[in-house]
Structure formats: C-alpha cells, structure tokens
Amino acid sequence: MSTIGVIRFPGTNNELETKRSLERLGAQAKIIPHFKPELVREVAALYLPGGFSYGDYLRPGAVAKTTEIGIEIVRAADEGKPILGVCNGFQVLTELGLLPGALVKNTSTRFIAKWISIWIERSNSYLEDLAGTTLSLPIAHYSGSYYQTKDALEQMKQKQQIVARYSLTSGDVTPHANPNGSLENIAGIANKVGNVIGLMPHPERAIEPFHRTQHGKQIIASFLEAIK
Amino acid sequence: MQNTPSVQVPTNNLAQNEEYEGKAKIIRVLDEQTVLVKFKDDLTAFDGVKKATKKGKGHLNAQITKILFSYLQDKGIPTHFLEQLDDTTFRARKLRMIPVEFVIRNYSAGSFVRRYGLSKGMKLKKPILELFVKSDALHDPLIDPNVAIELGFLTRDEYEKGKLYSYLINDFLSQLFDQIGLTLVDFKLEFGIDQEGTLYLGDELSPDSMRLWKKGTQKSFDKDVFREDKGEVIEAYEYVYRRLSEINDFQPSPPEFMINLSIRLKPGIVDAEGAVVKRALTRLGLTQLSEARVGKLIDLKLSATNVLKSLETFAVGRTEFLINPLIEKSEISFDV
Amino acid sequence: MSISSEQTLIENTLGRKPTTSEAAMLEVMWSEHVSYKSSKRWFHLFNTESPDVYLGIGEGAGLIDIGNGYVIGLALESHNHPSAIDPFNGAATGVGGIIRDILSQGCRPIALLDAIRFGPLTHPRSRFLFEQVVQGIASYGNSVGVPTVGGEVEYDEAYLGNCLVNVMCVGIAPKDKIVRSIANRPGDLFVLFGASTGRDGIHGVTFASDDLAESMQEDRGSVQIGDPLIEKKLIDAVMELRDAGLINAMQDLGGGGLTCAVSEMCERGGTGCEIHLDRIAVREKDMEPWEILISESQERMLITCSPQNLKKVKEILDSHDLTLAVLGSVTPSKRFVAKYHDSVVADLPIDFLIEGFEEPERQLIPPNSKQNVTSRKNLFQEPDKLADEFQFLLSSSNIASKRWVYQQYDHTVQGNTVLEPGIGPAIIALENGAYLALSLDSLPFLTSLDPYSGAANSAMKGIRSVIATGAKPVALVDNLNFGNPEKPDSYWEFVEAIKGIAQVSHDFHIPVVGGNVSLYNEATINGKRSKILPTPVIGVAGIISSLESIVPQVLTAPDHLIAIVGPPSFSIDGSEYARLKDIRVKEDISYEPREEQKSISFLGVAQKQELLKSCKPVGRGGIITTLTKMMLQSNTGVKIDDSPVFSKIGFWVSEGSARYIVEFSRNDLNKIQELAKSKSVTIKILGKTINTPSLILSEDEQISLQTLMGWFETPIVQAMEV
C-alpha cells in the first residue's frame, strides 16, 4: 500500500490526528515536516492538515508558498497525485494557486468551532462518489469564508469544481446553514482536473467511535480510493 | 484627464529625427526608445535673462554627467544614460519627462534662502525635498506634492519613487563629492518614464544643476560662479571634472531606506476585523462611526546596495506574496 | 518585612552590597509571585499523596500515573494582573505559560481549561475585558493546537477592578519519557531556546504582587506579547528532543525569567551554574545584564544536556527554525554565577536566592460582617409563577449558556475530544485507551459568605461533576485568587479556603498535585477598596476506564424516570439565585463530607450496575438549571410529578450539596430504591422524560424547550454582539 504524506509546516497543528485517522482507515501515513521537502516525491498522495502554518501571519497559508515544500506540493499536484487540504491546508492550496479563489475572515468576525453539515455536490473530483450525501463534521477556523469573483465562480461551476456546500442536516443548502459567510455556502472545491480538493470542515475529527459522528471516514475513504 | 503646466516639455511629443533645443542641450530623437543628447557651451541664468557662451562647457558637463550617472547606475539608480558618442554627446533612453523638478537641499542657499528669509549656508537637520513646476514662463514655481499629484503632473507612485531616488542620490553624491573636498549643497533632478512605465533619472547632473562648495567654506564650484560673477566658471567646472575623474572605484557606504506597504481589503470584501473594531469603538461611545476597515502595514528596511534590483524583486514579492490581488489592494511609500 | 530590612539582610549575608543584577534577581525571587512567601506555610495542610502520584507539587506540573505506562501532567496558573492591563495579550500569554509548564515535564499538552471572571456585562469595560480575554485565549490556544475543552465564566461586581484569568493545562507522556526539572549533573550545558529575550515582562513579576494601581496604562510595557507559532515549534522540538533522550533536565521560563528557571533547577539538583548572558539573543541591543536575567519574554525553554549531545540538540532545534544559546554549564558550586562579556555580574548562593527571605508576619482576622438578618423570608416571597423565576435565573449572565465563548475555542483539535464544552466536565480520549474527565470550578459567592465551606464545596463541585460521568477522581489542582494578604481579613479568607480544600483532599483521598496562588487582587478605585470575591478555583481530573463506562450528561430517551439523589435542600443560601436577589445569608452553608460520600458510593454502584441512563450533579443555579441543560442538549422533555414540594422555588434553585439528578429506566426503579436504602441516601423521584419538547411543571404551567432555549442561550450573545 502506498504512503500518504501529511504535510507539517511550522504552526500546522492537526498533523497527529490526521495521520491517525488515515491509519484508522488502513492507510500508511507519514508526517513530512517542512524541512524535508524531498519526501514529497516519495509519497502517493498528500494531506495538508489544518492549523496555523507560519502562525497565519500575513494571510493564512501565504507564507507556505515561499517554501521549498510549497514548490514540491505544486509539483505533486501537477503530477496528478491526489491532494486533500483541510482548513489551513485548504488555505495553503489557494495561496499556492492550486485551487481558485480565496478564504477570508468569517463574517461573524470570530473563530468558529462547531459541528456543521455539508451537502456533497456532483463534482469532477474524487469525492464524486459521495455526491448527494449529507455529512456532519466539525469546523474550526477564523478564515473560512470562501470568496471568488462572479465570472470565475461561473467557470468553476461549469467545470464542476464545487465539491461541498454548508447545509442543514436535511441537506438543504440555505443561508441559515452558512456558518461563515462563504459565497454560495461553499465549503469545499476542487481544481479543474479534480485531483486537488480543499475542504474547510475536518473529516479527521469525525472518525473515532467517541466522536459525535464518523462521517469523516467517507471522505477519507474516497481520498484513499483515489490513490489506487 | 491630465493637466499640464503652461509650458510643455517638448521632447515628450517629438517624432523621429525631430530636435528640441533647450538652454543648455539639444535633444534629437533617434528612434522609439532612444534620443541623442548634445551638451551646448551656452550658459544661462535667471530664467534665461543672463546668457553667455563658454567654450568647453558642453564637454565638461557631458563628462561630469556621464561620471555621475554611471556611478549612480552602479548603485542601482536607473538613469537614462546609455552610451557616450563623442565629447559632448551621449545616447540616452527616450523618456516622457515629468514636468516637475525634484530639488534636494542639504544647506540653505539660493531661492530657499530668499523664500524663507534664512541665512545662507545653514546646515539643514535633514535633507529637504522640494518640487518645482518646470516652467520658465511661470519662473519654476514651488509646488506641493499633493497639488502636483492632484493636477496630474505625476502619479503618487512616481512621486514616491522620485522622492526615494532623490534622497538616495543625495546620499551617494554627497559621499562622492566629499571625497574630492566638496560639499553638495543642493541639486535639481528631473525624472521621466520610458515606454514600459519605468521611472528613470533624466536630464543631466552637472555643476549647472547643483551647488558645490569647497568643504568648510561657501566657495562655489558651480553655476553660481557665473550667476554671481565670482570668477572663471570654466575653471570651476574643470576642477570638478578633473577631481571626479581622478576617483577610482569609490564605494560609498550604502544608505538604508524603508519601504512602507499598506494593505487594504478591496471594497466589497467583508472586513471582519473592521467590524470588530467598529463594534468595540461604538461600545466605547463612538456612536457616529459608520465604518471601520482594518488593514495591514508592512515596513521593510533595506540597504541601498542595488536599489533597482531591490525594488524589482520587491515588486514581485508584493504582488505574488505580500498581497492576494483577488481580495487585497496595496499602496507603497518610501522613507529614507 | 520592609524593603530596608531585606536590604540589610542581603548585605549582611553577602558581606557586601549586591550588584544591580543581584538586587534585581533577589527582588524578583523574593516577590510574592515567585516565593509564595505568604502562602507556602499552609501547603502542608493538603493531602499530596496517593499511590498514583508520580510527581507532586514543586515542579512545572503534577504528574499522575494513569496506567499502561503513561502519566498525565496537570498545571493551573493565573494570569490575572497581566490580563487586567492588556486583556488580549495577558490571557494569551497565560495560555502559553501553562502549556510550557506541562511541556517542561516532557508531556505533550492535550487540553486547556479556563476559568475567567469579570465585572457585570452591563459595564462597557467588563465587556471589553471579556471579549479581549476570550479572543486572547482563542488566538493562542487555537493556534498552538491544544483544544480548549472546558472552564467557567463568571461575572460579579467584585471583579470590576480585577478580572481573573486562570488557565489549566493537561498533558500526557509515556512514563519513561518524563523529564524532570533537576540540574544534578555538573558539567551539563544549559541550552536556552525559543524566542529572543526582550524587555517584556521586566518587573512584571514585582508589579503582579502589588495592588493594582489606577495608572494601569503606564504599566503596559510590562505585559508580555505571545507568539503561538514559536510555541507550537517548541512543542514539536521538545517532543523530538525528549524522544531522542537528549534532555537531562528542563524548565520553562516563566515568572522570574532566567533567574528563576536556572536557580530552581540547580537548587533541586544541589548544584550551581555559570552562565554567560552575552550569549543570549536579545531584542534590543542596549539591554542590561539585569534585564536579561529577569526578562519574562515568552516562548523560551531551558534544558540541560550532556556536552556530547549538544550537536544533536542543535540539529533538532535548527530543523524547527528555533534559535538557541548555550548559556554555560551546571557547576558543583551551589552558586548562581552570571557573567556578561567575562565580567561577573552576579554571584549568589542559590539557597539564599530561593529561600533567603524572612517569612513575613501575617495576621488572620475574620471580617466583622454580622448581618442583621433574622429571617430570609423577609427577603423574598414565593413567586406566583415558577416560570418567571426560572426565566430570571436562566437568563442571568452567570447561569446563561457560554456558547458564545466556547464556540470561539477550538475544542476538537487533536481529535480526542469526547465531551465538548457546554454539557458537563470535559472528557478526552487518552493514548493509553482510558478517558480523562476534567473540570475547573469555583464558587466565589459561597466562599465570600463562608470561605471554608465555600472552598470545600468549590472542590466538591468539580469532584461531583467528574464522578457523575463515571470517572474516578485522581488529582486536584488549585488556583487561589485572593485579596491583599497584608490585610488580615483577606488573609483569613485565604487560610480558611486552604483549610477547606485540604479537608476535601483528605476526606476523599484525592491528592493536590499543583497549583498557584494569586494574591493582591485588590484595587483602589476612586479611593474605595475593591477586592475580588475570594476565588479558589479547583481543577479536578478523573479517569474513566472505557468508553462504555462514560455516563451521559444529558437525558437519553423518553419515558425514563428522573430523580434527585442526595439530601433534600430548599435553602437558597449561597446560591446564584440568592446572589441575584442580593440575599447574603450563610446559615445553611456547610461542607458535608458524609452526605457527599453517601451519594458518591450510591453512584459508584449504580454506574457499575449500569442503572444510570444519565447523571449530572445539581450545580450552580440549582435543579432547574441542571435539568434545563440536560433537556436542551437532547431535546427531551420532562414531566414533573405532582407534589407540593415541587411548587417551592427553593426546591428548584437551591444549590445544596451532595446532590445529583439521575435518569433511569422504570424497570430499575426497585433496584435504585434499594440501592439508595442500602447507602442511606435520599432519593426523590422528580418525574419522567417525555417526547413532548417541554418542561411540564403542572397542568397549568409548562415551558417549551424552545422558550427555555431562548432564556438560556441568548443573554451573552445579546450582551456581546449588539
């Protein structure tokens, strides 16, 4: 079985539970610290976990793009390796230019930590097999409000790049279900090819029997499926 | 619509092979990118009221300008000088000249003394930058930078960069002239923009455009000799040229400068922090507050070893890293 | 002891005048904050032992053996004064400091809890402090990746002048990876790493032991600024150094800075040091040696390592982008020798530095507060409608939901959170397969009326809530926030509270393994003395062996019976309800270890026999509050039985001790009653759970859960988001 690299920048802080959740689903995972960019080439897929890479200084995810490992991540994406960026990992992927749009501060102006639901869309990505399901997952972020220009968003829709939207538990996507002011309730997107996905909610925190749900398993299983 | 001062700077609109003859130089357009600059032997003062022709002056000014421009270019200050063609002529970049002169003063002298009723030769605490409109008809009036920007004589970015270059040039030239026992009292710079929008130092750098005093005295080695009939002007210019050409590979200690970048969220992007600040200030009683937006300020301190390269690298970092152009806009200012 | 007599003591002992550096070091080390010179003499009252105690009071954290080769570390500390001056940074650095305490024992930090207290939210300044403190905690804790899983928030006029910020951190480590703070190997090198050293916090220690003056603004320079990014790097690097076995001893730099860390490590090891201050990376070029010695700049750790390991230590720190300085070495001299560019700036006997001061005399006098209250019946009347009183209580700021607060804290990071904030004590999963229940509680209003019983019940409150989940309490930590110890009434309150906590620790065999004392929480505002309520904040840790043994804190299903276990109580003395009605009577306030024990042993058996569907102790705000929380979280209604007892407001709002609300199946009624009988515990059936989302009090009075939710959930949000 091929190995998944869990990228740890200075300030990343979800790496341990991410590694553990991948292992729970039978995958091999190893943490790749920022100072070992060469390891990125040795793994089959990348999981960019949450946290505050480089302290979220300047903008969340911004500093990561000035690093060697940032360049390696771009290379891995270009090679078609499956990549999943969660929370700060999503922010890093947008800053690296691997995903379109930007994540700005929550409209509530505050950090939000709570359980939400997302509706999985039909998309061009490796989460396509989950389309039509509603998952309950935790969010925990300051800057999770997705922003994109109108035209660019239209293009993304045409290319089926919208992966998940915040919804009620029923799966209805309503303004009330939007926790952070994201454009059209967007909670996750993919790149044009579909091998790179960014998600604000945390699948790795909904895995264990003691978690409120185990819905994160489905996302991670689909991610693992994409490697095969 | 851009305003222009009452006297146009004709070189801006010249077609190929057209010529413009100014008081001290002739400029001929060679092609889209380049011009030929020929230095004349004519000397004028007091807006052309006092005139003379001094043989060899054109040659000396061409040589001094070449030395000073090369020296500055080496430090990363972009100038329009490209190559010397003969004794009095060099090839230069074709620029759209900014109709405003930048004057830096280290000591009180000339119009500065008359305007403010100061005694001549007073060392200023910090170098002072003044802007003047280029217009003989109006007698080159002093202009406030904000007014110059508002009237469209130059953009804020051009002003900021011109200001930075002016101060750095002052530092570099002061150190250089100090080597030959001269004090740089004040000087005038003209900037222009090439087709790609890059700001260059144009015109000339010679005793025509600066005041040089023998160190510790007020003995002039510049056009004041002619203005005030204080002796043989050519001898003074010759002295400056000879001493400058004797200097071998002088390395000044590089001054430091600051880049101040202010970053704001674009209008329309929700500013969460601004909303928090607004709420807090309202709680503290500032009920009149209708909007608060919070930006970022990034202060960078650099050593001016290669200014142009620093600015070019910074420009890349600015758009590709420091700001996210999708959601942010930025403004730059410099400080020395 | 006056300043001048301390001066004489120093000169007589040294046989010379102290150098500037020495004077600064002594001042800092002998301050109340570092020396505990008013409080330490009472610590012997605590029970500090149990078979599980691996390391008790005395280093960065108390360590408890939890089996399977693991220990947990517990630490609790206040950051009151810094937070009053700069609430955001004060609270943030409070979080950073306590995390490093845990880290200093080689433990990975796994949970944070915060107990924070402010003036009423009707005051703009209180709202400002509250908002900033919460954001400071969130900013630091969230960034560093340690979940904030619990705590408490309280508002009272008494905290207007002095807000309280107490932070607890829990860590875990394999037993064989534990690091001690003992520099016992002469020749070892002192390596300082992390943030650079600046002037922040200089004299922070000393001013923390002074009455907080009105000129708060001028003190701003004393507050430290935190950098959670460096802190996360410290955690990563320390774990790597620890696993590689490169650390011989470790301590974080907290109050008293380098002076305190080095001298304490040497004192424990019976050694001394020779350190070179010029090797430290400073933020400002012109820093004086004495400033470097006592700087409280954040995010700095000090280790000792063998000289042959230095290269490996450097490699690891380099890879984490952390700067380090090799300060010097451990010596056998028992002296603190500090040099600056080869000249000696300090040379002090370490024992003198640590305990050379003379204990100040302190007087204990109970306050003269005879209240002219004959009957509290005159003070309030039975209401016509219970619902009105319920609304009054549930929507009061101390009872209302703190969701606005904990939703700003990342409580699920690390992926181990089982029970999230807002429900009961926090529960997190541990690496050894067990589960850890954590609470952080205090009952200041009760303590202000009766410091001994109030403090004891503060401890019991946490113990009850941990026990209700099915956990076995294994350790206590305390944070004693009191007024000026030089004032006999404040000091009396302090000592009474210690006695109360100590009694609990003995009665229930739960060791006190750590804590912190914050005195001088008094301010003089407009010439008026304003002191905080005596606030003994108690952290309790309990272990649950398996996921199946965790008892839910919320109602589980309709048609179950609900009962109150424990001594009936109708007294409102010391309750939140009484505080709201401004009734300050202490007649019925007491600490009842026998009753507590009876209820606990009832629960123990009931849990073992799996009779309890859910269980929650009657806490602040009485039965109505506890029941409301149990209903709202599960959206299950309750129908109250018909009984005249249940129409008395006292029944609903009394906070009488040793009581629990339990939910069980009708089929188990007999077993429950028999068990109660055998344990001599009173059990009173309250009613039953129902499908209708309402609290049905009687045929004419019912309140929908929607309504309860509105009362309970909106007040704090409304106060803060308008």
# chains A, B, ... in the order shown; residues from 1 in each chain; ligands from 1
>>> select_by_dssp(residues="chain A", states="alpha helix (DSSP H)", output="VMD selection string")
chain A and resid 15 to 24 68 to 78 88 to 95 150 to 158 216 to 227
>>> select_by_dssp(residues="chain A", states="strand (DSSP E)", output="PyMOL selection string")
chain A and resi 3-8+28-33+45-48+83-86+102-104+112-120+134-141+145-147+162-167+186-190+196-199
>>> closest_atom_pairs(of="chain C", to="chain B", cutoff="10 Å", atoms="only C-alpha atoms", output="Markdown table")
| residue | atom | partner | partner_atom | distance |
| --- | --- | --- | --- | --- |
| C:His123 | CA | B:Arg283 | CA | 9.9 |
| C:Pro124 | CA | B:Arg283 | CA | 6.5 |
| C:Arg125 | CA | B:Leu284 | CA | 8.4 |
| C:Arg127 | CA | B:Arg283 | CA | 8.8 |
| C:Phe128 | CA | B:Ala280 | CA | 7.4 |
| C:Glu131 | CA | B:Ala280 | CA | 9.4 |
| C:Met720 | CA | B:Arg279 | CA | 9.3 |
| C:Glu721 | CA | B:Arg279 | CA | 8.0 |
| C:Val722 | CA | B:Arg279 | CA | 7.7 |
>>> residues_around(residues="C:Arg283", least_positions_apart="4", cutoff="12 Å", atoms="only C-alpha atoms", output="list in words")
Ala195, Ser196, Thr197, Gly198, Arg199, Asp200, Met287, Glu288, Glu291, Ile292, Ser295 and Ser297 of chain C
>>> atom_distance(atom1="atom CA of C:Thr556", atom2="atom CA of C:Ile423")
13.4 Å
>>> residues_around(residues="B:Asp42", least_positions_apart="5", cutoff="8 Å", atoms="only C-alpha atoms", output="list in words")
Lys23, Ala24, Lys51, Ala52, Thr53, Lys54, Lys57 and Gly58 of chain B
>>> interface_residues(of="chain B", to="chain A", cutoff="9 Å", atoms="only C-alpha atoms", output="list in words")
Ile269, Val270, Asp271, Ala272, Glu273, Gly274, Ala275, Val276, Lys296, Phe321, Leu322, Ile323, Asn324, Leu326 and Ile327 of chain B
